[in-house]
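In what follows, a single structure is set out as structure tokens and then discussed.
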There are 2 protein chains.
Amino acid sequence: MNNVQEESLRDQKKSRRRRQILEIARGIIAAKGLRSLKVRDVAEAVGCSVGSVYNEFGDFDGVILTVNRETVQALTARLRGVPAEDPVRQLYGLAETYLDFFAGHANLLRSLFEHRMEDDRPYPDDILQMVMDAFALMHPPLVRLLPDADDVKIALLSRTLFSAVHGIISLGLEERMVAVPPQMLRQQIEQFLDVHLGGLGILPQR
Amino acid sequence: MNNVQEESLRDQKKSRRRRQILEIARGIIAAKGLRSLKVRDVAEAVGCSVGSVYNEFGDFDGVILTVNRETVQALTARLRGVPAEDPVRQLYGLAETYLDFFAGHANLLRSLFEHRMEDDRPYPDDILQMVMDAFALMHPPLVRLLPDADDVKIALLSRTLFSAVHGIISLGLEERMVAVPPQMLRQQIEQFLDVHLGGLGILPQR
DNA sequence: TACTCATATGAACATTGTTCAATTTAACTC
DNA sequence: GAGTTAAATTGAACAATGTTCATATGAGTA
């Protein structure tokens with residue numbers, strides 16, 4: 001039995017293939033939507049059998065969920081990169097970053113928010129938790145801007161704001177529905193924040 | 001050749017079966033979600049062959065789209081029923097009515113907003129138009145409340161508000177994600193409108 | 001090298017949307 | 001009412017796709 005830090009040839013191939021499968025699957029979802037993702041297409045593109053996909057991920061939902069997990073991780077990383085010096089600018093930055101990410105990866109985000117499990121199996125807890133964590137990123141700047149509000153109020157407000165922005169973006173980018181051009185969407189979101197922060201007694205100062 | 005207003009036995013059976021198919025399909029979507037809708041289940045429940053479903057609706061998307069069409073019609077009817085005397089009350093009423101409808105028919109609304117067509121066939125224009133019309137229901141009360149704003153601004157604002165409320169509700173009711181209890185959601189939406197209308201210079205006066 | 005067992009394979013199966021040749025039946029004619 | 005016709009209905013067969021599992025392969029080990 002070898003030591004922990006050593007990686008056998010087996011493990012190398014395994015993790016290499018695992019990465020390949022995810023890369024191909026993500027590419028297909030991003031390009032043609034979740035509905036166009038097929039086990040056989042993935043297996044062929046990777047150069048392995050369909051059985052290997054199942055060995056690696058258990059079932060096809062496993063592939064999708066892993067892609068979704070990485071999507072929310074990437075989103076959160078981007079959101080964490082928004083400068084936090086000025087809380088007002090941070091709020092605008094969070095919304096605009098979300099818009100950029102959504103516009104650039106619309107199908108990946110739709111996969112995250114719209115995918116339903118087979119039967120009624122529960123959605124993995126860690127993904128839910130990560131989405132909640134992303135929601136909570138508006139919390140700190142709001143606390144700074146509304147020092148007198150209690151924590152529960154702020155938590156509710158941050159979820160409300162995030163959901164509202166999500167709604168504006170996701171419907172706005174729904175090309176089959178309304179198809180607002182991204183540049184106009186940006187303006188729409190800025191105005192939304194102007195008004196809403198104004199309503200909270202926070203002067204935009206942009 | 002008979003006259004127009006007469007309905008042949010054939011047509012009676014046809015339209016009766018058409019209604020049955022839609023009823024069953026809507027029931028399945030409402031109860032177990034769009035993913036659980038199967039042609040064979042519908043055919044068996046209606047008591048006809050799968051071929052008849054295809055004769056009537058062309059393909060399975062046709063059934064789904066017809067259910068969706070009736071969903072948005074029902075929603076619009078409910079929204080039109082909101083009293084229009086007081087424009088502020090009307091805005092709150094529209095949001096709350098949307099919440100009630102969404103809470104009562106979550107799977108049907110998800111089918112409306114999340115269903116993707118096979119291949120990349122376009123979504124039927126009339127459904128899109130009806131969704132846009134529903135969006136526009138906030139337009140008249142906003143015009144009354146902001147008589148100095150130009151029409152384009154109002155149109156944008158009404159779409160923004162509708163999308164924001166939609167986001168708060170659809171994510172709030174997403175049981176796998178956050179699962180805000182409906183009563184709390186109602187409060188959340190009222191507060192959201194309080195703040196946002198306040199930011200627009202409209203005093204809540206509820 | 002020989003042996004062992006984890007992994008990979010892909011043919012076979014299960015489910016589900018779709019088609020269409022054969023059958024049934026309403027509508028019409030006499 | 002019997003016969004004719006055209007349209008609707010049927011369901012077996014097909015196609016696409018997720019899933020399984022007996023078998024083959026090959027990495028690890030002595």
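Residue numbers start at 1 in each chain; chains themselves are named A, B, ... in the order of the structure tokens; ligands are numbered from 1 in the order shown.
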
With a cut-off of 8 Å, could you pull out the residues of chain B touching chain C and give me the nearest pair of atoms for each, distance in Å to one decimal, using only C-alpha atoms (C1' of nucleotides), ordered by chain and ascending number, as CSV?
residue,atom,partner,partner_atom,distance
B:Leu9,CA,C:DA26,C1',7.4
B:Arg10,CA,C:DA26,C1',6.5
B:Lys38,CA,C:DT16,C1',7.3
B:Val39,CA,C:DG17,C1',7.7
B:Phe60,CA,C:DG17,C1',7.7

*Those of segment 24-202 of chain B in DSSP alpha helix (DSSP H), formatted as a VMD selection string*: chain B and resid 24 to 32 39 to 46 50 to 57 60 to 80 87 to 104 106 to 114 125 to 135 139 to 145 151 to 172 182 to 199

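Residue-level contacts from chain D to chain A at 9 Å, counting only C-alpha atoms (C1' of nucleotides), read DT17, DG18, DT19, DT20 and DA27 of chain D.
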
Within 7 Å of chain B: each chain A residue with its shortest pair, only C-alpha atoms, as a Markdown table:
| residue | atom | partner | partner_atom | distance |
| --- | --- | --- | --- | --- |
| A:Glu114 | CA | B:Glu114 | CA | 6.9 |
| A:Tyr123 | CA | B:Arg176 | CA | 6.3 |
| A:Leu128 | CA | B:Met177 | CA | 5.7 |
| A:Thr160 | CA | B:Ile168 | CA | 6.1 |
| A:Ser163 | CA | B:Ile168 | CA | 4.8 |
| A:Ala164 | CA | B:Ala164 | CA | 3.9 |
| A:Val165 | CA | B:Ala164 | CA | 6.3 |
| A:His166 | CA | B:Gly167 | CA | 6.0 |
| A:Gly167 | CA | B:Gly167 | CA | 3.7 |
| A:Ile168 | CA | B:Ser163 | CA | 4.8 |
| A:Leu171 | CA | B:Ser163 | CA | 6.5 |
| A:Arg176 | CA | B:Tyr123 | CA | 6.3 |
| A:Met177 | CA | B:Leu128 | CA | 5.7 |
| A:Val195 | CA | B:Gly199 | CA | 4.7 |
| A:His196 | CA | B:His196 | CA | 4.9 |
| A:Gly198 | CA | B:Gly199 | CA | 4.9 |
| A:Gly199 | CA | B:Gly199 | CA | 3.6 |
| A:Leu200 | CA | B:Val195 | CA | 6.1 |

*asked:* Quick one: residues within 12 Å of Ala25 of chain A, only C-alpha atoms (C1' of nucleotides), excluding same-chain residues fewer than 4 positions away - as a ChimeraX atom specification?
replied: /A:18-21,29-46,53,60-68,70,107-108,111

Those residues you just picked out, can you put them in a file as a CSV table (one decimal), in the first residue's frame with N, CA, C and O atoms?
chain,number,residue,atom,x,y,z
A,18,ARG,N,-12.1,12.2,-15.6
A,18,ARG,CA,-13.2,12.9,-14.9
A,18,ARG,C,-13.2,14.4,-15.4
A,18,ARG,O,-14.3,14.9,-15.7
A,19,ARG,N,-12.1,15.0,-15.4
A,19,ARG,CA,-12.0,16.4,-15.9
A,19,ARG,C,-12.5,16.5,-17.3
A,19,ARG,O,-13.2,17.5,-17.6
A,20,GLN,N,-12.0,15.6,-18.1
A,20,GLN,CA,-12.5,15.6,-19.6
A,20,GLN,C,-14.0,15.6,-19.7
A,20,GLN,O,-14.6,16.4,-20.4
A,21,ILE,N,-14.6,14.6,-19.0
A,21,ILE,CA,-16.0,14.5,-19.0
A,21,ILE,C,-16.7,15.8,-18.6
A,21,ILE,O,-17.6,16.3,-19.3
A,29,ILE,N,-23.6,21.9,-22.6
A,29,ILE,CA,-24.6,22.7,-21.9
A,29,ILE,C,-24.5,24.2,-22.2
A,29,ILE,O,-25.5,24.8,-22.6
A,30,ALA,N,-23.3,24.7,-22.2
A,30,ALA,CA,-23.1,26.2,-22.4
A,30,ALA,C,-23.5,26.5,-23.9
A,30,ALA,O,-24.1,27.5,-24.1
A,31,ALA,N,-23.2,25.6,-24.8
A,31,ALA,CA,-23.4,25.9,-26.2
A,31,ALA,C,-24.8,25.7,-26.6
A,31,ALA,O,-25.4,26.4,-27.4
A,32,LYS,N,-25.4,24.5,-26.2
A,32,LYS,CA,-26.7,24.1,-26.7
A,32,LYS,C,-27.8,23.9,-25.7
A,32,LYS,O,-28.9,23.4,-26.0
A,33,GLY,N,-27.4,24.1,-24.4
A,33,GLY,CA,-28.5,24.0,-23.4
A,33,GLY,C,-28.5,22.6,-22.8
A,33,GLY,O,-28.1,21.6,-23.4
A,34,LEU,N,-29.0,22.5,-21.6
A,34,LEU,CA,-29.0,21.2,-20.8
A,34,LEU,C,-29.8,20.1,-21.6
A,34,LEU,O,-29.4,19.0,-21.5
A,35,ARG,N,-30.8,20.5,-22.3
A,35,ARG,CA,-31.6,19.5,-23.0
A,35,ARG,C,-30.8,18.7,-24.1
A,35,ARG,O,-31.2,17.6,-24.5
A,36,SER,N,-29.8,19.4,-24.6
A,36,SER,CA,-29.0,18.8,-25.6
A,36,SER,C,-27.9,17.9,-25.1
A,36,SER,O,-27.1,17.3,-25.9
A,37,LEU,N,-27.7,17.8,-23.8
A,37,LEU,CA,-26.7,17.0,-23.3
A,37,LEU,C,-27.1,15.5,-23.3
A,37,LEU,O,-28.1,15.1,-22.7
A,38,LYS,N,-26.2,14.7,-24.0
A,38,LYS,CA,-26.5,13.2,-24.1
A,38,LYS,C,-25.3,12.4,-23.7
A,38,LYS,O,-24.2,12.8,-24.0
A,39,VAL,N,-25.6,11.3,-22.9
A,39,VAL,CA,-24.4,10.5,-22.5
A,39,VAL,C,-23.6,10.1,-23.6
A,39,VAL,O,-22.3,10.2,-23.5
A,40,ARG,N,-24.2,9.6,-24.7
A,40,ARG,CA,-23.4,9.1,-25.8
A,40,ARG,C,-22.5,10.1,-26.4
A,40,ARG,O,-21.4,9.8,-26.8
A,41,ASP,N,-23.0,11.3,-26.6
A,41,ASP,CA,-22.2,12.4,-27.1
A,41,ASP,C,-21.0,12.7,-26.3
A,41,ASP,O,-19.9,12.9,-26.8
A,42,VAL,N,-21.2,12.8,-25.0
A,42,VAL,CA,-20.1,13.0,-24.0
A,42,VAL,C,-19.1,11.9,-24.1
A,42,VAL,O,-17.9,12.2,-24.3
A,43,ALA,N,-19.5,10.7,-24.1
A,43,ALA,CA,-18.6,9.5,-24.1
A,43,ALA,C,-17.8,9.5,-25.4
A,43,ALA,O,-16.6,9.3,-25.4
A,44,GLU,N,-18.5,9.8,-26.5
A,44,GLU,CA,-17.8,9.8,-27.8
A,44,GLU,C,-16.7,10.9,-27.8
A,44,GLU,O,-15.6,10.7,-28.3
A,45,ALA,N,-17.1,12.1,-27.4
A,45,ALA,CA,-16.2,13.2,-27.4
A,45,ALA,C,-15.0,13.0,-26.5
A,45,ALA,O,-13.9,13.4,-26.9
A,46,VAL,N,-15.2,12.4,-25.4
A,46,VAL,CA,-14.1,12.1,-24.5
A,46,VAL,C,-13.3,10.9,-25.0
A,46,VAL,O,-12.1,10.8,-24.7
A,53,VAL,N,-18.6,6.8,-17.9
A,53,VAL,CA,-19.3,8.0,-17.4
A,53,VAL,C,-20.1,7.6,-16.2
A,53,VAL,O,-20.1,8.3,-15.1
A,60,PHE,N,-26.4,10.1,-14.7
A,60,PHE,CA,-26.2,11.3,-15.5
A,60,PHE,C,-26.5,12.6,-14.8
A,60,PHE,O,-25.8,13.6,-15.0
A,61,ASP,N,-27.4,12.5,-13.8
A,61,ASP,CA,-27.6,13.6,-13.0
A,61,ASP,C,-26.3,14.0,-12.2
A,61,ASP,O,-26.1,15.2,-12.0
A,62,GLY,N,-25.5,13.0,-11.9
A,62,GLY,CA,-24.2,13.3,-11.3
A,62,GLY,C,-23.3,14.2,-12.1
A,62,GLY,O,-22.7,15.1,-11.5
A,63,VAL,N,-23.3,14.0,-13.4
A,63,VAL,CA,-22.5,14.9,-14.3
A,63,VAL,C,-23.1,16.3,-14.2
A,63,VAL,O,-22.3,17.2,-14.0
A,64,ILE,N,-24.4,16.4,-14.4
A,64,ILE,CA,-25.0,17.7,-14.4
A,64,ILE,C,-24.8,18.4,-13.1
A,64,ILE,O,-24.4,19.6,-13.1
A,65,LEU,N,-25.0,17.7,-12.0
A,65,LEU,CA,-24.8,18.4,-10.7
A,65,LEU,C,-23.4,18.8,-10.5
A,65,LEU,O,-23.2,19.9,-9.9
A,66,THR,N,-22.4,18.0,-11.0
A,66,THR,CA,-21.1,18.5,-10.8
A,66,THR,C,-20.7,19.7,-11.6
A,66,THR,O,-20.1,20.6,-11.1
A,67,VAL,N,-21.3,19.7,-12.8
A,67,VAL,CA,-21.1,21.0,-13.6
A,67,VAL,C,-21.8,22.1,-12.9
A,67,VAL,O,-21.2,23.2,-12.8
A,68,ASN,N,-23.0,21.9,-12.4
A,68,ASN,CA,-23.7,23.0,-11.7
A,68,ASN,C,-22.9,23.5,-10.5
A,68,ASN,O,-22.8,24.7,-10.2
A,70,GLU,N,-19.7,23.4,-10.1
A,70,GLU,CA,-18.6,24.2,-10.5
A,70,GLU,C,-19.0,25.6,-11.0
A,70,GLU,O,-18.3,26.6,-10.9
A,107,ASN,N,-26.7,29.6,-20.3
A,107,ASN,CA,-27.2,28.2,-20.3
A,107,ASN,C,-26.6,27.4,-19.0
A,107,ASN,O,-27.3,26.6,-18.5
A,108,LEU,N,-25.5,27.8,-18.6
A,108,LEU,CA,-24.9,27.1,-17.4
A,108,LEU,C,-25.7,27.6,-16.1
A,108,LEU,O,-26.1,26.7,-15.3
A,111,SER,N,-29.1,25.9,-16.2
A,111,SER,CA,-28.9,24.5,-15.7
A,111,SER,C,-28.9,24.5,-14.2
A,111,SER,O,-29.5,23.6,-13.6

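Taking atom CA of Ile28 of chain A and atom CA of His105 of chain A as the two end points, the separation is 11.8 Å.
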
Please list as a PDB file with C-alpha atoms, in the first residue's frame every residue within 8 Å of segment 136-146 of chain A, counting only C-alpha atoms (C1' of nucleotides) and excluding residues in the same chain fewer than 2 positions away.
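To be explicit, this is the file written out as selection-v3.pdb:
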ATOM      1  CA  LEU A  79     -18.615  37.844  -6.873  1.00  0.00           C
ATOM      2  CA  ARG A  80     -16.015  37.645  -4.105  1.00  0.00           C
ATOM      3  CA  ALA A  84     -15.404  46.025  -0.932  1.00  0.00           C
ATOM      4  CA  PRO A  87     -20.301  49.437   0.233  1.00  0.00           C
ATOM      5  CA  VAL A  88     -22.490  51.246  -2.301  1.00  0.00           C
ATOM      6  CA  GLN A  90     -19.878  46.995  -3.904  1.00  0.00           C
ATOM      7  CA  LEU A  91     -23.621  46.526  -4.256  1.00  0.00           C
ATOM      8  CA  LEU A  94     -22.148  42.618  -7.299  1.00  0.00           C
ATOM      9  CA  MET A 132     -27.237  30.609  -0.266  1.00  0.00           C
ATOM     10  CA  ASP A 133     -23.677  31.794   0.361  1.00  0.00           C
ATOM     11  CA  ALA A 134     -23.714  33.691  -2.932  1.00  0.00           C
ATOM     12  CA  ASP A 148     -29.251  50.371  12.775  1.00  0.00           C
ATOM     13  CA  ALA A 149     -31.139  47.529  11.133  1.00  0.00           C
ATOM     14  CA  ASP A 151     -29.531  41.170  11.381  1.00  0.00           C
ATOM     15  CA  ILE A 154     -30.672  42.591   6.636  1.00  0.00           C
ATOM     16  CA  ALA A 155     -30.639  38.908   5.784  1.00  0.00           C
ATOM     17  CA  SER A 158     -30.167  40.795   0.969  1.00  0.00           C
ATOM     18  CA  ARG A 159     -32.109  37.795  -0.234  1.00  0.00           C
ATOM     19  CA  PHE A 162     -30.501  39.258  -4.891  1.00  0.00           C
ATOM     20  CA  ILE A 202     -29.082  55.317   0.893  1.00  0.00           C
TER      21      ILE A 202
END

_Point-to-point distance in Å for atom CA of Gln187 of chain B and atom CA of Lys153 of chain A_ = 11.7 Å
